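Student: Structure supplied as structure-v6.cif; contents: mmCIF, C-alpha atoms and all ligand atoms.
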data_final
#
loop_
_atom_site.label_atom_id
_atom_site.label_comp_id
_atom_site.auth_asym_id
_atom_site.auth_seq_id
_atom_site.Cartn_x
_atom_site.Cartn_y
_atom_site.Cartn_z
CA MET A 1 14.37 6.74 21.64
CA VAL A 2 11.54 8.89 20.34
CA PHE A 3 12.42 11.76 18.03
CA ALA A 4 10.34 14.87 18.63
CA GLU A 5 8.84 16.40 15.51
CA LYS A 6 11.08 19.36 14.82
CA LYS A 7 9.91 22.20 12.61
CA ASN A 8 12.93 22.16 10.34
CA VAL A 9 13.03 18.39 9.84
CA ILE A 10 12.49 17.21 6.25
CA GLN A 11 9.86 14.49 6.67
CA TYR A 12 10.02 11.28 4.63
CA GLY A 13 6.65 11.98 3.02
CA ARG A 14 3.87 14.52 3.07
CA GLN A 15 0.77 15.68 1.21
CA SER A 16 0.58 18.36 -1.45
CA ILE A 17 -2.64 20.41 -1.12
CA SER A 18 -3.73 23.03 -3.67
CA GLU A 19 -6.29 25.83 -3.44
CA GLN A 20 -8.55 23.75 -5.72
CA ASP A 21 -8.34 20.84 -3.26
CA ILE A 22 -9.40 23.15 -0.44
CA GLN A 23 -12.24 24.59 -2.51
CA ALA A 24 -13.49 21.10 -3.36
CA VAL A 25 -13.84 20.28 0.35
CA ILE A 26 -15.52 23.63 1.09
CA ASP A 27 -18.03 23.01 -1.70
CA VAL A 28 -19.10 19.78 -0.03
CA LEU A 29 -19.48 21.55 3.30
CA HIS A 30 -21.94 23.93 1.61
CA SER A 31 -23.89 21.01 0.09
CA ASP A 32 -26.67 18.77 1.41
CA PHE A 33 -24.53 15.71 2.07
CA LEU A 34 -21.45 15.30 4.24
CA THR A 35 -21.50 11.54 3.90
CA GLN A 36 -23.24 9.01 1.63
CA GLY A 37 -23.82 11.76 -0.90
CA PRO A 38 -22.82 12.05 -4.55
CA ALA A 39 -19.12 12.87 -3.98
CA VAL A 40 -18.31 9.29 -3.00
CA SER A 41 -19.62 7.65 -6.17
CA LEU A 42 -17.98 10.39 -8.25
CA PHE A 43 -14.67 9.61 -6.58
CA GLU A 44 -15.15 5.88 -7.08
CA SER A 45 -15.82 6.23 -10.78
CA ALA A 46 -12.97 8.73 -11.20
CA VAL A 47 -10.45 6.29 -9.71
CA SER A 48 -11.79 3.19 -11.46
CA THR A 49 -11.82 5.06 -14.78
CA TYR A 50 -8.26 6.22 -14.14
CA THR A 51 -7.14 2.62 -13.60
CA THR A 52 -9.30 1.33 -16.50
CA ALA A 53 -11.15 -1.05 -14.17
CA LYS A 54 -14.91 -1.35 -13.77
CA TYR A 55 -15.67 -0.76 -10.09
CA GLY A 56 -14.29 1.26 -7.20
CA VAL A 57 -15.44 0.83 -3.61
CA ALA A 58 -14.17 3.65 -1.39
CA ALA A 59 -13.61 3.10 2.33
CA ASN A 60 -12.39 5.09 5.30
CA SER A 61 -8.89 3.56 4.99
CA ALA A 62 -6.92 1.07 2.94
CA THR A 63 -6.92 -1.12 6.03
CA SER A 64 -10.73 -1.24 5.89
CA ALA A 65 -10.63 -1.83 2.14
CA LEU A 66 -8.23 -4.76 2.65
CA HIS A 67 -10.63 -6.22 5.21
CA LEU A 68 -13.59 -5.78 2.84
CA ALA A 69 -11.62 -7.41 0.03
CA CYS A 70 -10.73 -10.44 2.15
CA MET A 71 -14.34 -10.84 3.27
CA ALA A 72 -15.66 -10.49 -0.28
CA LEU A 73 -13.30 -13.27 -1.38
CA GLY A 74 -14.72 -15.47 1.37
CA LEU A 75 -11.59 -15.65 3.52
CA GLY A 76 -12.46 -17.17 6.88
CA VAL A 77 -11.56 -19.49 9.72
CA GLY A 78 -9.30 -22.30 8.57
CA ASP A 79 -8.08 -20.37 5.53
CA ILE A 80 -4.55 -19.10 4.95
CA LEU A 81 -3.40 -15.78 3.48
CA TRP A 82 0.15 -15.16 2.26
CA THR A 83 1.92 -11.86 1.87
CA THR A 84 5.39 -10.35 2.07
CA PRO A 85 6.97 -9.69 5.49
CA ILE A 86 8.34 -6.34 4.25
CA THR A 87 5.15 -4.31 4.31
CA PHE A 88 2.94 -2.37 6.67
CA VAL A 89 1.16 -4.62 9.18
CA ALA A 90 -2.24 -3.92 7.59
CA SER A 91 -1.34 -6.18 4.61
CA ALA A 92 -1.38 -9.14 7.01
CA ASN A 93 -3.83 -8.04 9.70
CA CYS A 94 -6.74 -8.23 7.23
CA ALA A 95 -6.42 -12.02 7.32
CA LEU A 96 -6.56 -12.14 11.11
CA TYR A 97 -9.69 -9.94 11.13
CA CYS A 98 -11.37 -12.72 9.13
CA GLY A 99 -10.20 -15.48 11.47
CA ALA A 100 -7.77 -16.80 8.85
CA SER A 101 -4.06 -17.37 9.45
CA VAL A 102 -1.10 -15.62 7.85
CA ASP A 103 2.15 -16.83 6.38
CA PHE A 104 4.93 -14.90 4.66
CA VAL A 105 6.98 -15.35 1.50
CA ASP A 106 10.54 -14.03 1.33
CA ILE A 107 11.43 -11.00 -0.82
CA ASP A 108 13.51 -10.44 -3.92
CA PRO A 109 16.81 -8.75 -2.99
CA LEU A 110 16.71 -6.31 -5.93
CA THR A 111 13.07 -5.18 -6.21
CA TYR A 112 12.31 -5.73 -2.47
CA ASN A 113 8.94 -7.12 -3.60
CA VAL A 114 7.78 -10.66 -2.89
CA SER A 115 10.06 -13.12 -4.70
CA VAL A 116 8.18 -15.01 -7.38
CA GLU A 117 10.68 -17.88 -7.09
CA ALA A 118 10.19 -18.14 -3.33
CA LEU A 119 6.43 -17.99 -3.87
CA SER A 120 6.54 -20.72 -6.47
CA GLN A 121 8.65 -22.99 -4.25
CA LYS A 122 6.53 -22.38 -1.19
CA LEU A 123 3.34 -23.13 -3.16
CA SER A 124 4.65 -26.45 -4.37
CA GLN A 125 5.60 -27.42 -0.79
CA ALA A 126 2.26 -26.20 0.54
CA GLU A 127 0.40 -28.27 -2.02
CA LYS A 128 2.08 -31.42 -0.72
CA LEU A 129 1.17 -30.48 2.84
CA GLY A 130 -2.41 -29.54 1.90
CA LYS A 131 -1.84 -26.00 3.18
CA LEU A 132 -2.31 -23.84 0.11
CA PRO A 133 -3.30 -20.20 0.64
CA LYS A 134 -6.77 -19.02 -0.30
CA VAL A 135 -5.56 -15.46 -0.88
CA VAL A 136 -2.15 -14.00 -1.73
CA ILE A 137 -1.47 -10.28 -1.27
CA PRO A 138 1.44 -9.02 -3.37
CA VAL A 139 2.49 -5.57 -2.13
CA HIS A 140 3.91 -3.08 -4.64
CA LEU A 141 6.66 -1.86 -2.34
CA CYS A 142 7.70 1.79 -2.78
CA GLY A 143 5.23 1.92 -5.69
CA LEU A 144 6.93 -0.68 -7.88
CA SER A 145 4.49 -3.27 -9.19
CA CYS A 146 5.20 -6.91 -8.43
CA ASP A 147 5.51 -9.27 -11.39
CA MET A 148 1.75 -9.69 -11.60
CA GLU A 149 1.69 -11.80 -14.74
CA ALA A 150 3.88 -14.44 -13.08
CA ILE A 151 1.88 -14.33 -9.84
CA ASN A 152 -1.34 -14.61 -11.82
CA LYS A 153 0.00 -17.74 -13.56
CA LEU A 154 0.71 -19.29 -10.16
CA SER A 155 -2.81 -18.39 -8.98
CA LYS A 156 -4.29 -20.36 -11.88
CA LYS A 157 -2.11 -23.36 -11.10
CA TYR A 158 -2.74 -23.38 -7.33
CA GLY A 159 -6.20 -21.82 -7.15
CA PHE A 160 -5.72 -18.78 -4.94
CA SER A 161 -7.22 -15.29 -5.24
CA ILE A 162 -5.07 -12.18 -5.55
CA ILE A 163 -5.45 -8.84 -3.78
CA GLU A 164 -2.83 -6.30 -4.89
CA ASP A 165 -1.87 -4.05 -2.01
CA ALA A 166 -1.16 -0.98 -4.12
CA SER A 167 -1.19 1.43 -1.18
CA HIS A 168 2.11 2.82 -2.54
CA ALA A 169 1.36 2.56 -6.21
CA ILE A 170 -1.46 4.69 -7.59
CA GLY A 171 -0.15 6.39 -10.73
CA GLY A 172 2.23 3.52 -11.43
CA LYS A 173 2.08 1.19 -14.41
CA TYR A 174 2.79 -2.46 -15.11
CA GLN A 175 3.28 -3.68 -18.68
CA GLY A 176 1.92 -0.33 -19.82
CA SER A 177 -1.39 -0.62 -17.92
CA PRO A 178 -2.22 1.41 -14.83
CA VAL A 179 -1.73 -0.31 -11.49
CA GLY A 180 -5.31 -1.06 -10.47
CA SER A 181 -6.40 -2.32 -13.90
CA CYS A 182 -6.86 -5.68 -12.12
CA GLN A 183 -5.77 -7.44 -15.29
CA PHE A 184 -3.91 -9.99 -13.17
CA SER A 185 -5.76 -9.80 -9.86
CA ASP A 186 -9.21 -9.98 -8.29
CA ILE A 187 -8.99 -6.74 -6.34
CA THR A 188 -6.50 -3.86 -6.01
CA ILE A 189 -6.29 -1.67 -2.91
CA PHE A 190 -5.15 1.97 -2.75
CA SER A 191 -4.42 4.05 0.35
CA PHE A 192 -5.04 7.77 0.56
CA HIS A 193 -3.24 8.43 3.84
CA PRO A 194 -1.39 11.80 3.69
CA VAL A 195 2.08 10.27 3.27
CA LYS A 196 0.92 8.26 0.25
CA ILE A 197 0.88 9.47 -3.37
CA MET A 198 -2.47 11.25 -3.15
CA THR A 199 -4.65 11.81 -0.12
CA THR A 200 -8.14 12.06 1.31
CA GLY A 201 -6.85 12.61 4.88
CA GLU A 202 -7.73 9.02 5.77
CA GLY A 203 -9.15 6.79 3.10
CA GLY A 204 -8.73 3.90 0.73
CA MET A 205 -10.34 2.18 -2.20
CA ALA A 206 -10.85 -1.34 -3.50
CA ILE A 207 -10.85 -1.65 -7.29
CA THR A 208 -12.21 -4.66 -9.16
CA ASN A 209 -13.64 -5.80 -12.49
CA ASP A 210 -15.94 -8.29 -10.76
CA GLN A 211 -19.45 -6.97 -10.15
CA ASN A 212 -20.17 -9.61 -7.54
CA LEU A 213 -17.08 -8.69 -5.49
CA ALA A 214 -17.87 -4.97 -5.82
CA GLU A 215 -21.43 -5.48 -4.54
CA LYS A 216 -20.23 -7.60 -1.61
CA MET A 217 -17.72 -4.94 -0.59
CA GLN A 218 -20.36 -2.20 -0.87
CA LEU A 219 -22.71 -4.19 1.33
CA LEU A 220 -20.09 -4.99 3.97
CA ARG A 221 -18.83 -1.38 4.02
CA SER A 222 -22.17 -0.30 5.46
CA HIS A 223 -23.29 -2.82 8.11
CA GLY A 224 -24.35 -5.52 5.65
CA ILE A 225 -27.57 -3.56 5.10
CA THR A 226 -29.36 -3.39 1.76
CA ARG A 227 -32.32 -1.32 0.56
CA ASP A 228 -32.43 -3.13 -2.78
CA PRO A 229 -35.54 -5.39 -2.84
CA GLU A 230 -33.77 -7.69 -5.30
CA LYS A 231 -31.10 -8.46 -2.72
CA MET A 232 -33.44 -8.87 0.26
CA ILE A 233 -34.20 -12.24 1.81
CA ASN A 234 -37.83 -11.27 2.49
CA PRO A 235 -38.68 -8.34 0.27
CA THR A 236 -41.87 -6.54 1.30
CA ASP A 237 -43.69 -3.56 -0.10
CA GLU A 238 -43.17 -1.39 3.01
CA PRO A 239 -41.42 1.67 1.63
CA TRP A 240 -39.16 1.93 4.70
CA ASN A 241 -37.90 -1.59 4.42
CA TYR A 242 -34.22 -2.37 4.71
CA GLU A 243 -32.57 -5.65 5.57
CA GLN A 244 -29.34 -6.61 7.23
CA ILE A 245 -28.34 -9.67 5.24
CA ASP A 246 -24.73 -9.99 6.37
CA LEU A 247 -22.50 -8.77 9.21
CA GLY A 248 -20.77 -5.65 7.94
CA PHE A 249 -19.08 -2.59 9.38
CA ASN A 250 -19.18 1.16 9.13
CA TYR A 251 -16.20 1.61 6.82
CA ARG A 252 -17.69 4.53 4.91
CA ILE A 253 -15.65 7.49 3.68
CA THR A 254 -17.14 10.99 3.93
CA ASP A 255 -18.08 13.23 1.02
CA MET A 256 -15.50 15.82 2.12
CA GLN A 257 -12.78 13.20 1.84
CA ALA A 258 -14.08 11.89 -1.46
CA ALA A 259 -14.17 15.40 -2.95
CA LEU A 260 -10.58 15.95 -1.84
CA GLY A 261 -9.67 12.65 -3.47
CA THR A 262 -11.31 13.52 -6.80
CA SER A 263 -9.48 16.83 -6.80
CA GLN A 264 -6.13 15.21 -5.91
CA LEU A 265 -6.56 12.54 -8.58
CA LYS A 266 -6.37 15.26 -11.25
CA ARG A 267 -2.75 15.84 -10.26
CA VAL A 268 -1.70 12.26 -9.58
CA ASP A 269 0.30 11.96 -12.80
CA LYS A 270 2.13 15.18 -11.97
CA PHE A 271 2.82 13.97 -8.44
CA VAL A 272 4.30 10.74 -9.73
CA ALA A 273 6.32 12.50 -12.45
CA ARG A 274 7.81 14.84 -9.84
CA ARG A 275 8.60 11.86 -7.61
CA HIS A 276 10.45 10.29 -10.55
CA GLU A 277 12.34 13.52 -11.15
CA ILE A 278 13.54 13.61 -7.54
CA SER A 279 14.36 9.89 -7.61
CA HIS A 280 16.49 10.35 -10.74
CA LEU A 281 18.36 13.15 -9.01
CA TYR A 282 18.92 10.98 -5.94
CA GLY A 283 19.93 8.07 -8.12
CA SER A 284 22.57 9.99 -10.05
CA ILE A 285 24.17 11.33 -6.87
CA LEU A 286 23.94 8.08 -4.93
CA GLU A 287 25.76 6.19 -7.68
CA ASN A 288 28.98 7.32 -6.05
CA MET A 289 27.96 6.26 -2.56
CA PRO A 290 28.16 2.86 -0.88
CA VAL A 291 24.44 2.23 -1.17
CA GLN A 292 22.13 0.09 -3.30
CA THR A 293 18.93 1.52 -4.75
CA GLN A 294 15.78 -0.31 -5.81
CA TYR A 295 15.98 -2.10 -9.16
CA TYR A 296 13.28 -0.97 -11.59
CA PRO A 297 12.43 -3.61 -14.23
CA ASP A 298 11.56 -2.24 -17.69
CA GLU A 299 7.98 -3.52 -17.51
CA SER A 300 7.15 -1.22 -14.59
CA TYR A 301 6.71 2.49 -14.04
CA SER A 302 6.81 2.94 -10.27
CA GLY A 303 4.35 5.08 -8.34
CA MET A 304 7.54 6.06 -6.48
CA HIS A 305 5.99 6.40 -3.05
CA LEU A 306 9.20 5.63 -1.14
CA TYR A 307 12.90 6.01 -1.84
CA VAL A 308 14.63 3.21 0.03
CA ILE A 309 18.41 2.80 -0.02
CA ARG A 310 20.32 -0.20 1.25
CA ILE A 311 23.58 0.56 2.98
CA ASN A 312 26.54 -1.50 1.78
CA LYS A 313 27.78 -2.81 5.11
CA ASN A 314 31.13 -3.89 3.72
CA LYS A 315 31.99 -0.36 2.69
CA VAL A 316 30.58 1.68 5.56
CA ASN A 317 31.97 1.41 9.04
CA LYS A 318 28.94 2.81 10.83
CA SER A 319 25.95 0.80 11.94
CA GLN A 320 22.56 1.33 10.32
CA LYS A 321 21.35 2.65 13.66
CA GLN A 322 24.19 5.18 13.87
CA ILE A 323 23.48 6.36 10.33
CA PHE A 324 19.77 6.67 11.13
CA ILE A 325 20.45 8.72 14.29
CA GLU A 326 22.97 11.01 12.58
CA MET A 327 20.58 11.64 9.67
CA ARG A 328 17.79 12.53 12.08
CA GLU A 329 20.18 14.81 13.97
CA ALA A 330 20.97 16.51 10.66
CA GLY A 331 17.25 17.25 10.25
CA ILE A 332 16.52 14.53 7.71
CA GLY A 333 13.40 12.57 8.65
CA VAL A 334 14.69 9.21 7.50
CA ASN A 335 12.59 6.16 8.25
CA LEU A 336 12.68 2.39 7.97
CA HIS A 337 10.06 0.68 5.80
CA TYR A 338 9.52 -1.85 7.22
CA ILE A 339 10.27 -3.97 10.26
CA PRO A 340 9.50 -7.53 9.04
CA ILE A 341 5.99 -8.29 10.27
CA TYR A 342 6.98 -11.64 11.80
CA ASN A 343 9.23 -9.67 14.20
CA GLN A 344 6.26 -7.81 15.67
CA PRO A 345 5.37 -9.11 19.15
CA TYR A 346 1.81 -9.87 18.07
CA TYR A 347 3.08 -12.05 15.23
CA LYS A 348 6.11 -13.54 16.99
CA LYS A 349 3.89 -15.70 19.15
CA MET A 350 2.62 -17.41 15.97
CA GLY A 351 5.98 -19.11 15.77
CA PHE A 352 7.65 -17.68 12.70
CA SER A 353 11.35 -18.29 12.25
CA LYS A 354 13.67 -15.58 10.89
CA GLN A 355 15.69 -18.25 9.10
CA ASP A 356 12.80 -18.74 6.70
CA PHE A 357 13.23 -15.17 5.41
CA PRO A 358 16.95 -14.55 4.85
CA GLU A 359 16.42 -11.84 2.22
CA ALA A 360 13.90 -9.95 4.33
CA GLU A 361 16.34 -10.08 7.27
CA ARG A 362 19.22 -8.77 5.16
CA TYR A 363 17.02 -6.00 3.78
CA TYR A 364 15.92 -5.00 7.26
CA GLU A 365 19.54 -4.66 8.39
CA GLU A 366 20.44 -2.35 5.49
CA ALA A 367 17.35 -0.32 4.57
CA LEU A 368 16.84 3.39 5.09
CA THR A 369 14.07 5.55 3.59
CA LEU A 370 15.03 9.01 2.33
CA PRO A 371 12.48 11.85 2.11
CA LEU A 372 10.45 11.82 -1.12
CA TYR A 373 7.38 13.90 -1.91
CA PRO A 374 6.40 16.25 -4.76
CA ASP A 375 6.93 19.53 -2.90
CA LEU A 376 10.55 18.80 -1.90
CA ASP A 377 12.59 21.70 -3.26
CA ASP A 378 16.11 21.69 -4.66
CA GLY A 379 17.57 23.03 -1.42
CA GLN A 380 15.98 20.23 0.57
CA ILE A 381 17.12 17.60 -1.94
CA ASP A 382 20.68 18.98 -1.67
CA LYS A 383 20.45 18.86 2.09
CA VAL A 384 19.33 15.22 2.03
CA VAL A 385 22.17 14.05 -0.22
CA SER A 386 24.88 16.19 1.38
CA SER A 387 23.84 15.00 4.84
CA LEU A 388 23.97 11.42 3.62
CA ALA A 389 27.43 11.98 2.13
CA ASN A 390 28.60 13.47 5.42
CA VAL A 391 27.13 10.71 7.54
CA LEU A 392 28.55 7.97 5.30
CA SER A 393 31.87 9.94 5.21
CA VAL A 394 32.19 9.85 1.43
C1 LIG B 1 -0.38 2.69 4.34
C2 LIG B 1 -0.48 1.25 4.02
C3 LIG B 1 -1.62 0.49 4.32
C4 LIG B 1 -2.74 1.04 5.14
O1 LIG B 1 -3.27 2.20 4.66
P1 LIG B 1 -4.31 3.04 5.53
O2 LIG B 1 -5.04 3.84 4.49
O3 LIG B 1 -3.49 3.89 6.44
O4 LIG B 1 -5.18 2.11 6.26
C5 LIG B 1 -1.67 -0.81 3.89
N1 LIG B 1 -0.66 -1.37 3.22
C6 LIG B 1 0.45 -0.69 2.92
C7 LIG B 1 1.53 -1.36 2.15
C8 LIG B 1 0.59 0.64 3.32
O5 LIG B 1 1.72 1.30 3.07
#
Please rewrite the model in this file as structure tokens.
Ligand SMILES: *Cc1c(COP(=O)(O)O)cnc(C)c1O
Tutor:
Amino acid sequence: MVFAEKKNVIQYGRQSISEQDIQAVIDVLHSDFLTQGPAVSLFESAVSTYTTAKYGVAANSATSALHLACMALGLGVGDILWTTPITFVASANCALYCGASVDFVDIDPLTYNVSVEALSQKLSQAEKLGKLPKVVIPVHLCGLSCDMEAINKLSKKYGFSIIEDASHAIGGKYQGSPVGSCQFSDITIFSFHPVKIMTTGEGGMAITNDQNLAEKMQLLRSHGITRDPEKMINPTDEPWNYEQIDLGFNYRITDMQAALGTSQLKRVDKFVARRHEISHLYGSILENMPVQTQYYPDESYSGMHLYVIRINKNKVNKSQKQIFIEMREAGIGVNLHYIPIYNQPYYKKMGFSKQDFPEAERYYEEALTLPLYPDLDDGQIDKVVSSLANVLSV
């Protein structure tokens, strides 16, 4: 069943655009450069400064940035990448783009993030089998950082690289540092799709403290072409000379998008604070309902991209599907983040077994995403919780 987009439906997420944002884009349209101009590097340094990391490499999507990150880390045929099954497909597809294979690690039932215990156990088994991953992608689900210190310790022991998929998590913190500081990872990825915390329309960024990785990603973002004589294989003195020294892509972001991003970044803390405010409201009302909400460890301040509830099946005598349909009928644009990736037809044929991911399966049978974005007003918040109370008959 496909639900038509109705005007009065409260969507699960949406952008918040100010007059300053609009003006920033217009200013670029009046300028000399629509792409590959100064707005992109300004945006990159604004985001990397915000996260206290050294380098930002902007791309036309987080999906592209994930691909660039995997390539920069040398992921290729014969290599293995691990991630969580409860994420958007892009967190895994980046491995397949590189000719590597993918495997999944089960989730933690309280944070919904990858389980560090399951990761640790799977690594020790993989070591015996000689099948250790080259790259692990922890995903900060709903904006809540994974336990990066613990994952970083495992990376030292087993020798894998770490890409944080922080598509949900700009504006969040872990152990007091901004998500994207890359203190415990090689590269962090942000998404600027309109449903995410801040937007560039389409867009993403890879953040790193490693100059070598940053330069590789810059090169691969634009066809693998360099104009820097120091990087050329056969530098000549022809002033027009450029060399393709690797096989790259056109993953560039435009200056209009970058200007929008720089403007949005100024309000990212406000966006996240408002998301927390709404989440607290939800949380206090949902306490009396037969649902579980995400557990927030003290060490983390979530970016709060998504508000996922888990329906307590022992206390509710409606199916998840029935609840979903009735919420949509009430005009609440609930969603389900996410279908476990190994259940997707394209992945199923790789021979995954549901039994290997009991927590992800349980989560998938109970999860429901409620609307959450900064511009939700009190009336809409009331409507969401009263509709939920009605549908759950409490
Ligand atoms: C949205 C999302 C992506 C992809 O982002 P795009 O910018 O749309 O390519 C990747 N990973 C996660 C977890 C996401 O939510």
Student: Show me a table, sorted first by chain and then by increasing residue number, of the residues of chain A having an atom at most 8 Å from ligand LIG 1 (chain B), each with its shortest atom pair and the distance in Å to one decimal, counting all atoms listed in the file and written as a Markdown table.
Tutor:
| residue | atom | partner | partner_atom | distance |
| --- | --- | --- | --- | --- |
| A:Asn60 | CA | B:LIG1 | O2 | 7.5 |
| A:Ser61 | CA | B:LIG1 | O2 | 3.9 |
| A:Ala62 | CA | B:LIG1 | O2 | 3.7 |
| A:Thr63 | CA | B:LIG1 | O4 | 3.7 |
| A:Ser64 | CA | B:LIG1 | O4 | 6.5 |
| A:Ala65 | CA | B:LIG1 | O4 | 7.9 |
| A:Leu66 | CA | B:LIG1 | C5 | 7.8 |
| A:Thr87 | CA | B:LIG1 | C7 | 5.1 |
| A:Phe88 | CA | B:LIG1 | C6 | 4.8 |
| A:Val89 | CA | B:LIG1 | N1 | 7.0 |
| A:Ala90 | CA | B:LIG1 | C5 | 4.9 |
| A:Ser91 | CA | B:LIG1 | N1 | 5.1 |
| A:Val139 | CA | B:LIG1 | C7 | 6.1 |
| A:His140 | CA | B:LIG1 | C7 | 7.4 |
| A:Leu141 | CA | B:LIG1 | C7 | 6.8 |
| A:Asp165 | CA | B:LIG1 | N1 | 6.0 |
| A:Ala166 | CA | B:LIG1 | C7 | 6.8 |
| A:Ser167 | CA | B:LIG1 | C6 | 4.9 |
| A:His168 | CA | B:LIG1 | O5 | 5.8 |
| A:Phe190 | CA | B:LIG1 | O2 | 7.5 |
| A:Ser191 | CA | B:LIG1 | O2 | 4.2 |
| A:Phe192 | CA | B:LIG1 | O2 | 5.6 |
| A:His193 | CA | B:LIG1 | O2 | 5.0 |
| A:Lys196 | CA | B:LIG1 | C1 | 7.0 |
| A:Glu202 | CA | B:LIG1 | O2 | 6.0 |
| A:Gly203 | CA | B:LIG1 | O2 | 5.2 |
| A:Gly204 | CA | B:LIG1 | O2 | 5.3 |
Student: Just give me the gap between CA of Val102 (chain A) and CA of Gly201 (chain A) in Å, one decimal is fine.
Tutor: 29.0 Å
Student: What does the structure give for the distance between CA of Gln294 (chain A) and CA of Glu277 (chain A), in Å to one decimal?
Tutor: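 Atom-to-atom, CA of Gln294 (chain A) and CA of Glu277 (chain A) are spaced 15.2 Å apart.
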Student: Neighbours of Asp103 (chain A) within 7 Å (only C-alpha atoms; same-chain residues fewer than 4 positions away dropped), as a list of chain:residue names?
Tutor: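 In the requested form, the answer reads A:Leu81, A:Trp82, A:Thr83.
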Student: Between A:Val385, A:Val77, A:Val105, A:Met148, single out the one closest to Ile285 (chain A), counting all atoms listed in the file.
Tutor: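 The closest residue to Ile285 (chain A) is A:Val385.
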Student: Using only C-alpha atoms, what residues lie at most 12 Å away from (26.5, 14.7, 1.3) (file coordinates), given as a PyMOL selection string?
Tutor: chain A and resi 282+285-286+288-289+327+330+332+380-394
Student: Please identify all polymer residues within 10 Å of Gln36 (chain A), counting only C-alpha atoms, omitting same-chain residues fewer than 5 positions from it, and present them as a list of chain:residue names.
Tutor: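 Near Gln36 (chain A), the qualifying residues are A:Ser41, A:Arg252, A:Ile253, A:Thr254, A:Asp255.
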Student: Save out the residues we just selected, C-alpha atoms, as a compact mmCIF listing (two decimals), in the frame of the given file.
Tutor:
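Written output follows (part33.txt):
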# COMPACT_ATOMS: atom_id res chain seq x y z
CA SER A 41 -19.62 7.65 -6.17
CA ARG A 252 -17.69 4.53 4.91
CA ILE A 253 -15.65 7.49 3.68
CA THR A 254 -17.14 10.99 3.93
CA ASP A 255 -18.08 13.23 1.02
Student: Near Val308 (chain A), counting all atoms listed in the file, which residues have an atom at most 12 Å away, once you skip same-chain residues fewer than 6 positions from it, shown as a ChimeraX atom specification?
Tutor: /A:12,110-112,141-144,279,282-283,286,291-295,334-338,363-364,366-372
Student: Return the padded bounding box of region 63-69 of chain A as AutoDock Vina command-line options: axis-aligned, built from all atoms listed in the file, 6 Å added on each side, with centre and edge lengths in Å to one decimal.
Tutor:
--center_x -10.3 --center_y -4.3 --center_z 3.0 --size_x 18.7 --size_y 18.3 --size_z 18.0
Student: Out of A:Phe184, A:Gln344, A:His305, A:Gly351, which residue has the shortest atom-to-atom distance to Lys156 (chain A) when counting all atoms listed in the file?
Tutor: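 Closest to Lys156 (chain A) of all the choices is A:Phe184.
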Student: Taking 5 positions as the minimum chain separation for residues in the same chain, which residues sit within 12 Å of Ser45 (chain A) when counting all atoms listed in the file? Answer as a ChimeraX atom specification.
Tutor: /A:38-40,50-58,205-208,258,261-262,265
Student: Show me the residues around (5.9, 12.9, -6.5) - criterion: an atom at most 12 Å away, all atoms listed in the file counted - as a VMD selection string.
Tutor: chain A and resid 12 to 16 142 to 143 168 to 172 195 to 198 267 to 280 302 to 307 371 to 377
Student: Please determine, counting only C-alpha atoms, which residue among A:Phe160, A:Phe104, A:Tyr251, A:Tyr174 has the shortest atom-to-atom distance to Ser300 (chain A).
Tutor: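 Of A:Phe160, A:Phe104, A:Tyr251, A:Tyr174, the one nearest Ser300 (chain A), counting only C-alpha atoms, is A:Tyr174.
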Student: At what distance in Å, to one decimal, does CA of Ile107 (chain A) lie from CA of Ala360 (chain A)?
Tutor: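 Interatomic distance here is 5.8 Å.
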Student: From the set A:Ala100, A:Glu230, A:Ile225, A:Glu361, which residue has the shortest atom-to-atom contact distance to Tyr242 (chain A), counting all atoms listed in the file?
Tutor: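 For Tyr242 (chain A), the nearest of the candidates is A:Ile225.
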Student: Mind filling out region 240-245 of chain A with N, CA, C and O atoms and sending it as a JSON list (two decimals), keeping the file's coordinate frame?
Tutor:
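And here is the file that came out, out_9.json:
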[["chain", "number", "residue", "atom", "x", "y", "z"],
["A", 240, "TRP", "N", -40.30, 1.67, 3.81],
["A", 240, "TRP", "CA", -39.16, 1.93, 4.70],
["A", 240, "TRP", "C", -38.24, 0.72, 4.84],
["A", 240, "TRP", "O", -37.25, 0.76, 5.53],
["A", 241, "ASN", "N", -38.60, -0.34, 4.14],
["A", 241, "ASN", "CA", -37.90, -1.59, 4.42],
["A", 241, "ASN", "C", -36.41, -1.56, 4.07],
["A", 241, "ASN", "O", -36.01, -1.07, 3.03],
["A", 242, "TYR", "N", -35.62, -2.06, 5.00],
["A", 242, "TYR", "CA", -34.22, -2.37, 4.71],
["A", 242, "TYR", "C", -33.90, -3.65, 5.44],
["A", 242, "TYR", "O", -34.56, -3.99, 6.42],
["A", 243, "GLU", "N", -32.92, -4.38, 4.94],
["A", 243, "GLU", "CA", -32.57, -5.65, 5.57],
["A", 243, "GLU", "C", -31.08, -5.73, 5.82],
["A", 243, "GLU", "O", -30.28, -5.37, 4.95],
["A", 244, "GLN", "N", -30.74, -6.22, 7.00],
["A", 244, "GLN", "CA", -29.34, -6.61, 7.23],
["A", 244, "GLN", "C", -29.21, -8.06, 6.81],
["A", 244, "GLN", "O", -29.79, -8.95, 7.44],
["A", 245, "ILE", "N", -28.45, -8.30, 5.76],
["A", 245, "ILE", "CA", -28.34, -9.67, 5.24],
["A", 245, "ILE", "C", -26.95, -10.27, 5.47],
["A", 245, "ILE", "O", -26.69, -11.40, 5.11]]
